[in-house]
Amino acid sequence: MGVERDAREDRDRSAAEQRTSPLWAELDSELVGLEQMVMRAAQAITLVGIGIAIYVALFVAPAMGRAMGIAAAGTLVWFTIAHALLARGRGARVLSIVNPVFEIAVPAIALVIMEQTQGVAYALGSWVPPLLYAVLIFLAMMRLKPWQPIIVGIVGAVGYVAAYALVLRNAPLLATLDSPLYKPPMQAARAASIIGFGILGSLACFGMRRAIARAARQTRAKELFGKYRLGAKIASGGMGTVYEALYCPEGGFERRVAIKRVHPHLALDPAFVDGFRAEAELGARLAHPNIVAVLDFGLEGDTYFFAMELVEGMDLSRLRKHCKAAQTPLPQNVVAFIGREIAAGLAFAHETALGADGKPLHVVHRDLNPANVLISKTGQVKISDFGVAKALRDQRSHETTHVVGKLAYLAPETARGAAVDARADLFALGLIVWELLCLQQAFAKDGEAATLDAIVNSVVPPPSTVRDELAGTKWDSFCATALQPDPARRFQSAREMRDALDRILDDTHVPRADEIAAILRAAAASPDISGPSLVATRSSAETRPIEPPTVRMPHLDGK
């Protein structure tokens, strides 16, 4: 039983250390700054010491003053070099070991100087060396390195004994002194006390670390959503804020996620909360490799949140802008692969996703555009921002006339205010594919009215007229079908569209993950566009209300 209990305690201790390891990693980075301040303080103290040494040399004891001044000057040079290295971010690990060792040698050096200039009685009776040892052990404690105080104590004791044995013990005057203060047993007691102070310092340091870890766990439970540790802000808008976060439950493992928190004042609006909850529930039911996953939903304090998958990569809008700025077209097979993966995600949402009752939801995205499609550096393509999606199973003919979405990617029937079904998403996908091939936008104009007019009345040219190398390929036929103004003449399902893109891939080849990673690295390093680098999360409507106000578009056809 004792063995089992010990093993369980070891596991619990290991789990606790894993949970708090990010805390210590962050604290270690802060301690580099603390070490710089310690070096600055040491420089200031050493300058004061040089001033005192000059005074002693001029008015008290010239020999001791000069020796102390030289030692203080050398110490000042060391601390200056150490501070310069830390300021440049170099040598922090080595200096964290060397600095305490160097510092603990200072009292022994002072002891030797006192003996050589003022005699053994003065040196062994001075209060300066013991005070220096105590101060240096305290500094080691402040660095929060549990074993450093005891190491400093041991090194200090060894240095003190060595100084006594090599220099003081051979002093002729020492034999004439009868006081126990100057005898070897007393020096052994002093060395033991230095080690004892080091042990106490280490115990105190362990205690401080445990207290900090407990405080961190309690703070995380009260302020950081319990099992989530919030990190950098990713996006912010009218409805709330999205953060990068670390999922760190009691089991000890960790996973990077994105947390969307609504603004506290919006959490007081029941209609808003219902919409937020519906978004989270819908996202949780869209469990597919090509859809950003919603992992959790809850109320913490005075606000609601839900956790989402964090995608390391970028959205297609930024990728297209980079390719246009660099005048580097995306390879055909990469475009086909991206379109194929989007179609696969839409097929799941449109046809396969089930509600709590086990019936198909028939989810239409309604806001599919390049900014809502993420591509990871490992080649995964994921649709995000289902915040305005609509489950249409209870609507007649799976249609709705509620118009939302980004104007430049609306289907013509949406712009006219007609009924909308899943084929509107397919039109948006056709636009995304065309724009990735041609590196330009099809309908975006100056002003909403001009954009809507272009959607209803303009004809999108075949991609081969924009990009010569596409002549003779299946792209013209694909885009002509995908971008038909009449929904009845388009692809009738996402599966059909996916199959068409698969046939295009058959003519080329499926891109490897390293090909996609190279394209994303080039885009991330591009100075021509703005935005986050290889960490991008736009999951689930990060900056817009979940259900925007109903917008009735003008009937541009005059009806």
# chains A, B, ... in the order shown; residues from 1 in each chain; ligands from 1
$ residues_around --residues "Arg495 (chain A)" --least-positions-apart "2" --cutoff "7 Å" --atoms "only C-alpha atoms" --output "list in words"
Ala343, Ala344, Ala347, Ser493, Met497, Arg498 and Asp499 of chain A
$ residues_around --residues "Ile97 (chain A)" --least-positions-apart "6" --cutoff "12 Å" --atoms "only C-alpha atoms" --output "compact mmCIF listing (two decimals) with C-alpha atoms, in the first residue's frame"
# COMPACT_ATOMS: atom_id res chain seq x y z
CA GLU A 35 18.62 39.37 -13.11
CA ALA A 82 27.00 40.34 -17.33
CA GLY A 91 24.23 33.82 -21.89
CA GLU A 103 29.13 36.76 -6.04
CA ILE A 104 29.74 34.25 -3.26
CA ALA A 140 19.78 33.66 -4.43
CA ARG A 143 15.92 34.37 -8.00
CA LYS A 145 15.79 28.85 -8.06
CA TRP A 147 18.62 24.70 -5.25
CA GLN A 148 20.58 27.91 -5.74
CA PRO A 149 20.67 29.09 -2.08
CA ILE A 151 24.64 25.76 -3.65
CA VAL A 152 25.62 29.32 -2.78
CA VAL A 155 30.34 27.30 -2.21
$ residues_around --residues "region 49-63 of chain A" --least-positions-apart "2" --cutoff "10 Å" --atoms "only C-alpha atoms" --output "MDAnalysis selection string"
chainID A and resid 43:47 65:73 76 113:114 116:118
$ atom_distance --atom1 "CA of Glu309 (chain A)" --atom2 "CA of Ala293 (chain A)"
5.3 Å
$ select_by_dssp --residues "region 244-355 of chain A" --states "strand (DSSP E)" --output "list of chain:residue names"
A:Glu244, A:Ala245, A:Leu246, A:Tyr247, A:Arg255, A:Arg256, A:Val257, A:Ala258, A:Ile259, A:Lys260, A:Arg261, A:Val262, A:Val294, A:Leu295, A:Asp296, A:Phe297, A:Gly298, A:Leu299, A:Glu300, A:Thr303, A:Tyr304, A:Phe305, A:Phe306, A:Ala307, A:Met308, A:Glu309, A:Gly313, A:Met314, A:Asp315
$ write_last_selection --atoms "C-alpha atoms" --output "PDB file, in the first residue's frame"
ATOM      1  CA  GLU A 244      -5.449  32.294 -28.101  1.00  0.00           C
ATOM      2  CA  ALA A 245      -5.667  29.999 -25.089  1.00  0.00           C
ATOM      3  CA  LEU A 246      -4.227  26.858 -23.572  1.00  0.00           C
ATOM      4  CA  TYR A 247      -6.594  24.054 -22.652  1.00  0.00           C
ATOM      5  CA  ARG A 255      -3.838  21.856 -26.146  1.00  0.00           C
ATOM      6  CA  ARG A 256      -3.846  25.228 -27.869  1.00  0.00           C
ATOM      7  CA  VAL A 257      -7.337  26.504 -28.638  1.00  0.00           C
ATOM      8  CA  ALA A 258      -9.129  29.785 -29.345  1.00  0.00           C
ATOM      9  CA  ILE A 259     -11.568  31.251 -26.812  1.00  0.00           C
ATOM     10  CA  LYS A 260     -14.337  33.625 -27.826  1.00  0.00           C
ATOM     11  CA  ARG A 261     -15.622  35.749 -24.941  1.00  0.00           C
ATOM     12  CA  VAL A 262     -18.629  37.987 -25.350  1.00  0.00           C
ATOM     13  CA  VAL A 294     -16.310  24.114 -31.575  1.00  0.00           C
ATOM     14  CA  LEU A 295     -15.043  22.325 -28.477  1.00  0.00           C
ATOM     15  CA  ASP A 296     -16.777  23.818 -25.454  1.00  0.00           C
ATOM     16  CA  PHE A 297     -19.347  26.356 -24.295  1.00  0.00           C
ATOM     17  CA  GLY A 298     -20.014  27.834 -20.886  1.00  0.00           C
ATOM     18  CA  LEU A 299     -20.634  30.729 -18.549  1.00  0.00           C
ATOM     19  CA  GLU A 300     -17.699  31.988 -16.512  1.00  0.00           C
ATOM     20  CA  THR A 303     -19.650  36.439 -19.471  1.00  0.00           C
ATOM     21  CA  TYR A 304     -20.224  33.562 -21.876  1.00  0.00           C
ATOM     22  CA  PHE A 305     -17.514  31.884 -23.869  1.00  0.00           C
ATOM     23  CA  PHE A 306     -16.873  29.020 -26.173  1.00  0.00           C
ATOM     24  CA  ALA A 307     -13.683  27.261 -27.147  1.00  0.00           C
ATOM     25  CA  MET A 308     -12.755  26.588 -30.758  1.00  0.00           C
ATOM     26  CA  GLU A 309     -10.069  24.794 -32.656  1.00  0.00           C
ATOM     27  CA  GLY A 313      -2.047  29.105 -40.975  1.00  0.00           C
ATOM     28  CA  MET A 314      -3.875  31.935 -42.729  1.00  0.00           C
ATOM     29  CA  ASP A 315      -7.127  32.713 -44.461  1.00  0.00           C
TER      30      ASP A 315
END
$ residues_around --residues "Glu515 (chain A)" --least-positions-apart "5" --cutoff "10 Å" --atoms "only C-alpha atoms" --output "list in words"
Pro331, Val334, Lys377, Thr378, Gly379 and Leu520 of chain A
$ select_by_dssp --residues "region 282-391 of chain A" --states "alpha helix (DSSP H)" --output "ChimeraX atom specification"
/A:282-285,316-326,332-347
$ residues_around --residues "region 125-134 of chain A" --least-positions-apart "6" --cutoff "10 Å" --atoms "only C-alpha atoms" --output "PyMOL selection string"
chain A and resi 103-111+114+140+152-153+156-157+160+181-182+190-191+193-194+197-198+201
$ closest_residue --among "A:Arg340, A:Arg214, A:Arg209, A:Lys321" --to "Arg503 (chain A)" --atoms "only C-alpha atoms"
A:Arg340
$ atom_distance --atom1 "CA of Ala522 (chain A)" --atom2 "CA of Gln327 (chain A)"
12.5 Å
$ atom_distance --atom1 "CA of Arg320 (chain A)" --atom2 "CA of Arg490 (chain A)"
24.8 Å
$ residues_around --residues "region 423-435 of chain A" --least-positions-apart "6" --cutoff "7 Å" --atoms "only C-alpha atoms" --output "ChimeraX atom specification"
/A:335,339,364-366,368-370,409-411,441-442,463,479,482-483,487,492-494
